[in-house]
Amino acid sequence: MSLLPETSPIDDELVRAVVDQVWESLLGAEVVPWYGEDPVAPPALQAQVTLTGDWNGLVRLGCAEGAAEGIAAAMLMAGADEELPPEDVHDAVGEVVNVVGGNVKGALLGDTALGLPRVLTGPDHDTRTVAAVPVSRCVLDWHGLPVTVEVFTHENTKECRS
Amino acid sequence: MRALVVDDSRAMRRIVARILTGLGYEVAEAGDGQQALEVLASGAKPDLACIDWNMPVMDGLTFVVKVRENPQWRDITLMMVTTESEHSQIVRALAAGAHEYLIKPFTPDSLREKLDLLGLLPSEVAS
Amino acid sequence: MSIAPEAFTFVRDLVRRESAIVLDPGKEYLVESRLTPLARHAGEGDVDAYVRSLQVRHDPVRSRQVVEALTTNETSWFRDADPFTALRTQVLPELAKARTNRQLRVWCAACSSGQEPYSVVMTALDTPAVAGWRLDVVATDLNEEILQRARRGTYSQLEVNRGLPATTLVKHFTREGASWRISPTVSAPVTFRPLNLMRPFPPMGTFDAVFLRNVLIYFDLPTKRDILRRVRQVLAPDGYLFLGAAEMTMGVDDSWQRMPAGRSSVYRIRGEER
Ligand SMILES: C[S@@+](CC[C@H](N)C(=O)[O-])C[C@H]1O[C@@H](n2cnc3c(N)ncnc32)[C@H](O)[C@@H]1O
Ligand SMILES: [Mg+2]
């Protein structure tokens, strides 16, 4: 990404390393890359945290219909027949993105603060701004459902608009 | 042994509480630092508090400072359990009075090993 | 699908021959799960086909990979805590009294990804009795891939969470991307090299302490006995042996004397055997 400041250590490799650790220990699952078509439709649910300070951006988890429920169940080690209420699902995926976000932030130099997780659903929830620069994106396979992990920065908003 | 688990995520509280209960702890929960202070003020005397950093209302670092200010709570062992993972943040938390620091994500084994380091592993399960 | 009996037997014999690790019947699942990635990587349909290709044509590289895949590398910082407390409070101070050359040599004989030898160095750095002493830690393992990782000295978040006190983490590690790097102060005294415990040891000199932890459990009795006998030959007569929490010399090699050390034990060569 030529638009990024050269000091940013955030790239696909870093995000993937973080995601591997989170999946392994928090979800007890192995990361499987998504080999299907790239999901173009906005995900059914998005969980995100912002990073503000010396580095400004957003870490976002996008879940296809049903994936968030599966992730929450794995995290809570809920039985297959246990139906989790939406608040619990949102809380769990919010925590997943909080953990991913904190570890991404940990790799940055300087002073950056992590916001509280926000979970969005519904038709107009895609808060991606045209000005945000994608830094990293990976698509994972959660038992046949696509899950995206994305990092954006607002650092270069001006350059981007030019 | 008693523990207080402070985290704004219910799921995370459940994970930590489950591990601690399995080790023989009696667990109370709080969703932010303010609530946790109220639990302590109501007379709960936990041996251990597991504390998230990023929470609404009152964050975990502020909570640690408040606990350390009160001599009545001197015996509580404070362990951060958080995704804040910069070297500088760990130093900050230790300087504020946290005794240990467990970085999220973690495994049940690593939580157990931290308790062992703190001498807070109930003896029946200590290796 | 599970591994064919002939394939299991072939792998079991290979691993036994090359590493002395005993794979008892019932470990089929282990062989299958550990070899599946190798088979996939080699483009073979399944583990059976992969093993058959090895049977048909001897391939030293693949054979080594199979053996390495079947080692268990589970480890942690200051594993079991007590042995390292014993090292700091008893063993090092005792050795400090006995050595006038202000020099100590330690061997970690199955060092895995390096947590054990680095824990030895950090413990020594924390022991006033040996402050300023020269310390050499020779760290060896059969698995060359794990030695590569040990040499690199970088650990994931999950790895630094395991057994490392937070104060030690901030003192001896720096953050590097998603991982943590150990400081040169801790890594400098450690030399890593491959060594197979079942073969005659190369010339290494004499050690003041040997860590042979959580590795004898994988061997049969004659192999354990033989290794303990040869360890006696490289340990100083007044040196110390550390074993894993589930391991002991009793009934294996009775030339060792068990000494209580805090909540754990250390072993010394019996007087008459020195
Ligand atoms: C469970 S780890 C123990 C690591 C460390 N000593 C500890 O206690 O945490 C066992 C190690 O023994 C090594 N190993 C197995 N067979 C061996 C042999 N024949 N020679 C040398 N090392 C061997 C494995 O590669 C593995 O890294
Ligand atoms: Mg939180």
# chains A, B, ... in the order shown; residues from 1 in each chain; ligands from 1
>>> residues_around(residues="Arg268 in chain C", least_positions_apart="3", cutoff="12 Å", atoms="only C-alpha atoms", output="number ranges by chain")
C: 91, 208-210, 228, 231-232, 235-243, 248-249, 253-261, 265, 271-274
>>> residues_near_ligand(ligand="ligand 1", cutoff="9 Å", atoms="only C-alpha atoms and all ligand atoms", output="number ranges by chain")
C: 16, 18-21, 67-80, 108-117, 140-144, 146-147, 194-199, 211-219, 243-245
>>> residues_near_ligand(ligand="ligand 2", cutoff="7 Å", atoms="only C-alpha atoms and all ligand atoms", output="PyMOL selection string")
(chain A and resi 95+98+116) or (chain B and resi 7-9+52-55)
>>> write_last_selection(atoms="all heavy atoms", output="tab-separated table (two decimals), in the first residue's frame")
chain	number	residue	atom	x	y	z
A	95	GLU	N	-16.30	-8.83	21.63
A	95	GLU	CA	-15.08	-9.15	22.37
A	95	GLU	C	-14.01	-9.71	21.43
A	95	GLU	O	-12.82	-9.42	21.58
A	95	GLU	CB	-15.38	-10.12	23.52
A	95	GLU	CG	-14.19	-10.48	24.39
A	95	GLU	CD	-13.58	-9.30	25.16
A	95	GLU	OE1	-14.12	-8.18	25.12
A	95	GLU	OE2	-12.52	-9.52	25.78
A	98	ASN	N	-12.50	-6.82	19.80
A	98	ASN	CA	-11.72	-6.10	20.82
A	98	ASN	C	-10.34	-6.76	20.98
A	98	ASN	O	-9.32	-6.07	21.02
A	98	ASN	CB	-12.49	-6.12	22.14
A	98	ASN	CG	-11.67	-5.62	23.32
A	98	ASN	OD1	-11.08	-4.55	23.29
A	98	ASN	ND2	-11.61	-6.43	24.37
A	116	LEU	N	-14.21	1.17	22.42
A	116	LEU	CA	-15.03	0.03	22.84
A	116	LEU	C	-15.67	-0.59	21.60
A	116	LEU	O	-15.97	0.11	20.63
A	116	LEU	CB	-16.10	0.50	23.82
A	116	LEU	CG	-15.56	1.02	25.16
A	116	LEU	CD1	-16.68	1.63	25.99
A	116	LEU	CD2	-14.85	-0.07	25.94
B	7	ASP	N	-15.07	-7.30	33.66
B	7	ASP	CA	-14.91	-7.20	32.21
B	7	ASP	C	-16.24	-6.73	31.65
B	7	ASP	O	-17.29	-7.13	32.15
B	7	ASP	CB	-14.54	-8.57	31.62
B	7	ASP	CG	-13.91	-8.46	30.23
B	7	ASP	OD1	-14.53	-7.85	29.33
B	7	ASP	OD2	-12.79	-8.99	30.05
B	8	ASP	N	-16.19	-5.89	30.63
B	8	ASP	CA	-17.46	-5.42	30.06
B	8	ASP	C	-18.07	-6.48	29.14
B	8	ASP	O	-19.25	-6.39	28.80
B	8	ASP	CB	-17.30	-4.09	29.32
B	8	ASP	CG	-16.26	-4.16	28.21
B	8	ASP	OD1	-15.29	-4.94	28.34
B	8	ASP	OD2	-16.40	-3.43	27.21
B	9	SER	N	-17.30	-7.46	28.74
B	9	SER	CA	-17.88	-8.52	27.92
B	9	SER	C	-18.36	-9.67	28.80
B	9	SER	O	-17.59	-10.27	29.54
B	9	SER	CB	-16.85	-9.04	26.92
B	9	SER	OG	-17.28	-10.30	26.42
B	52	ASP	N	-10.23	-6.40	33.26
B	52	ASP	CA	-10.12	-5.95	31.88
B	52	ASP	C	-9.67	-4.49	31.90
B	52	ASP	O	-9.82	-3.79	32.90
B	52	ASP	CB	-11.52	-6.09	31.24
B	52	ASP	CG	-11.52	-5.72	29.77
B	52	ASP	OD1	-10.45	-5.79	29.12
B	52	ASP	OD2	-12.60	-5.35	29.27
B	53	TRP	N	-9.09	-4.03	30.82
B	53	TRP	CA	-8.66	-2.62	30.77
B	53	TRP	C	-9.76	-1.76	30.14
B	53	TRP	O	-10.26	-0.82	30.75
B	53	TRP	CB	-7.37	-2.52	29.95
B	53	TRP	CG	-6.69	-1.20	29.99
B	53	TRP	CD1	-7.25	0.04	29.75
B	53	TRP	CD2	-5.31	-0.96	30.28
B	53	TRP	NE1	-6.30	1.02	29.89
B	53	TRP	CE2	-5.10	0.44	30.21
B	53	TRP	CE3	-4.22	-1.79	30.58
B	53	TRP	CZ2	-3.85	1.02	30.43
B	53	TRP	CZ3	-2.98	-1.20	30.79
B	53	TRP	CH2	-2.79	0.19	30.72
B	54	ASN	N	-10.15	-2.09	28.92
B	54	ASN	CA	-11.11	-1.24	28.20
B	54	ASN	C	-12.54	-1.58	28.56
B	54	ASN	O	-13.07	-2.61	28.17
B	54	ASN	CB	-10.91	-1.40	26.69
B	54	ASN	CG	-9.57	-0.85	26.26
B	54	ASN	OD1	-9.29	0.33	26.46
B	54	ASN	ND2	-8.72	-1.71	25.71
B	55	MET	N	-13.15	-0.68	29.33
B	55	MET	CA	-14.54	-0.88	29.75
B	55	MET	C	-15.20	0.49	29.79
B	55	MET	O	-14.53	1.51	30.01
B	55	MET	CB	-14.59	-1.50	31.15
B	55	MET	CG	-13.99	-2.90	31.24
B	55	MET	SD	-14.11	-3.60	32.89
B	55	MET	CE	-12.87	-2.67	33.77
>>> interface_residues(of="chain C", to="chain B", cutoff="8 Å", atoms="only C-alpha atoms", output="short mmCIF file (atom, residue, chain, number, x, y, z; two decimals) with N, CA, C and O atoms, in the first residue's frame")
data_model
loop_
_atom_site.label_atom_id
_atom_site.label_comp_id
_atom_site.auth_asym_id
_atom_site.auth_seq_id
_atom_site.Cartn_x
_atom_site.Cartn_y
_atom_site.Cartn_z
N ASP C 80 6.86 -25.32 35.63
CA ASP C 80 6.58 -25.85 36.98
C ASP C 80 7.10 -24.95 38.11
O ASP C 80 7.00 -25.31 39.27
N ALA C 81 7.66 -23.81 37.76
CA ALA C 81 8.12 -22.78 38.71
C ALA C 81 9.13 -23.30 39.76
O ALA C 81 10.24 -22.76 39.89
N GLN C 157 2.24 -14.00 21.43
CA GLN C 157 1.51 -13.56 22.61
C GLN C 157 1.12 -14.74 23.48
O GLN C 157 1.23 -14.70 24.70
N LEU C 158 0.65 -15.81 22.83
CA LEU C 158 0.22 -16.99 23.59
C LEU C 158 1.39 -17.61 24.34
O LEU C 158 1.25 -18.08 25.45
N ASN C 161 2.48 -15.59 27.40
CA ASN C 161 1.49 -15.70 28.48
C ASN C 161 1.77 -16.88 29.39
O ASN C 161 1.24 -16.95 30.48
N ARG C 162 2.57 -17.84 28.90
CA ARG C 162 2.69 -19.09 29.63
C ARG C 162 3.86 -19.13 30.60
O ARG C 162 4.98 -19.46 30.24
N GLY C 163 3.57 -18.78 31.85
CA GLY C 163 4.54 -18.95 32.91
C GLY C 163 5.52 -17.80 33.12
O GLY C 163 6.34 -17.85 34.02
N LEU C 164 5.43 -16.79 32.26
CA LEU C 164 6.38 -15.68 32.36
C LEU C 164 5.77 -14.58 33.23
O LEU C 164 4.74 -14.02 32.88
N PRO C 165 6.39 -14.25 34.37
CA PRO C 165 5.84 -13.16 35.17
C PRO C 165 5.87 -11.85 34.38
O PRO C 165 6.82 -11.62 33.61
N ALA C 166 4.86 -11.01 34.58
CA ALA C 166 4.77 -9.76 33.81
C ALA C 166 6.01 -8.89 34.00
O ALA C 166 6.50 -8.27 33.05
N THR C 167 6.56 -8.87 35.21
CA THR C 167 7.74 -8.05 35.45
C THR C 167 8.93 -8.56 34.63
O THR C 167 9.75 -7.78 34.15
N VAL C 170 8.39 -7.52 30.85
CA VAL C 170 8.75 -6.15 30.49
C VAL C 170 10.25 -5.89 30.64
O VAL C 170 10.81 -5.05 29.96
N THR C 174 11.04 -7.23 24.17
CA THR C 174 10.47 -6.06 23.50
C THR C 174 9.45 -6.54 22.49
O THR C 174 9.55 -7.66 21.97
N ARG C 175 8.49 -5.71 22.23
CA ARG C 175 7.44 -6.06 21.29
C ARG C 175 7.97 -5.93 19.87
O ARG C 175 8.67 -4.97 19.56
#
>>> closest_atom_pairs(of="chain A", to="chain C", cutoff="12 Å", atoms="only C-alpha atoms", output="CSV")
residue,atom,partner,partner_atom,distance
A:Thr7,CA,C:Gly177,CA,11.7
A:Ser8,CA,C:Gly177,CA,10.1
A:Pro9,CA,C:Gly177,CA,6.7
A:Ile10,CA,C:Gly177,CA,8.0
A:Asp11,CA,C:Gly177,CA,9.8
A:Asp12,CA,C:Ala178,CA,11.5
A:Glu13,CA,C:Ala178,CA,9.3
A:Leu14,CA,C:Ala178,CA,6.0
A:Val15,CA,C:Ala178,CA,8.2
A:Arg16,CA,C:Ala178,CA,9.5
A:Ala17,CA,C:Ala178,CA,6.7
A:Val18,CA,C:Ala178,CA,6.5
A:Val19,CA,C:Ala178,CA,10.2
A:Asp20,CA,C:Leu158,CA,10.5
A:Gln21,CA,C:Leu158,CA,7.0
A:Val22,CA,C:Leu158,CA,9.2
A:Trp23,CA,C:Leu158,CA,11.6
A:Glu24,CA,C:Leu158,CA,9.6
A:Ser25,CA,C:Leu158,CA,8.1
A:Leu26,CA,C:Leu158,CA,10.8
A:Val99,CA,C:Gln157,CA,11.7
A:Val100,CA,C:Ala178,CA,10.7
A:Gly101,CA,C:Ala178,CA,11.7
A:Gly102,CA,C:Ala178,CA,10.6
A:Asn103,CA,C:Ala178,CA,7.0
A:Val104,CA,C:Ala178,CA,7.3
A:Lys105,CA,C:Ala178,CA,9.4
A:Gly106,CA,C:Ala178,CA,7.3
A:Ala107,CA,C:Gly177,CA,4.4
A:Leu108,CA,C:Gly177,CA,7.4
A:Leu109,CA,C:Gly177,CA,9.5
>>> closest_residue(among="A:Ala44, A:Leu61, A:Ala80, A:Val97", to="chain B", atoms="only C-alpha atoms")
A:Val97
>>> decode(residues="range 11-26 of chain A", atoms="C-alpha atoms", output="PDB file, in the first residue's frame")
ATOM      1  CA  ASP A  11      -0.068  -5.800   7.054  1.00  0.00           C
ATOM      2  CA  ASP A  12      -1.860  -9.009   6.122  1.00  0.00           C
ATOM      3  CA  GLU A  13       0.825 -11.133   7.731  1.00  0.00           C
ATOM      4  CA  LEU A  14       0.499  -9.383  11.075  1.00  0.00           C
ATOM      5  CA  VAL A  15      -3.296  -9.474  11.072  1.00  0.00           C
ATOM      6  CA  ARG A  16      -3.247 -13.112  10.109  1.00  0.00           C
ATOM      7  CA  ALA A  17      -0.836 -13.914  12.956  1.00  0.00           C
ATOM      8  CA  VAL A  18      -3.153 -12.147  15.391  1.00  0.00           C
ATOM      9  CA  VAL A  19      -6.246 -13.856  13.993  1.00  0.00           C
ATOM     10  CA  ASP A  20      -4.517 -17.254  14.221  1.00  0.00           C
ATOM     11  CA  GLN A  21      -3.856 -16.739  17.914  1.00  0.00           C
ATOM     12  CA  VAL A  22      -7.347 -15.473  18.651  1.00  0.00           C
ATOM     13  CA  TRP A  23      -9.020 -18.296  16.767  1.00  0.00           C
ATOM     14  CA  GLU A  24      -6.820 -20.917  18.394  1.00  0.00           C
ATOM     15  CA  SER A  25      -7.166 -19.853  21.992  1.00  0.00           C
ATOM     16  CA  LEU A  26     -10.443 -17.956  22.192  1.00  0.00           C
TER      17      LEU A  26
END
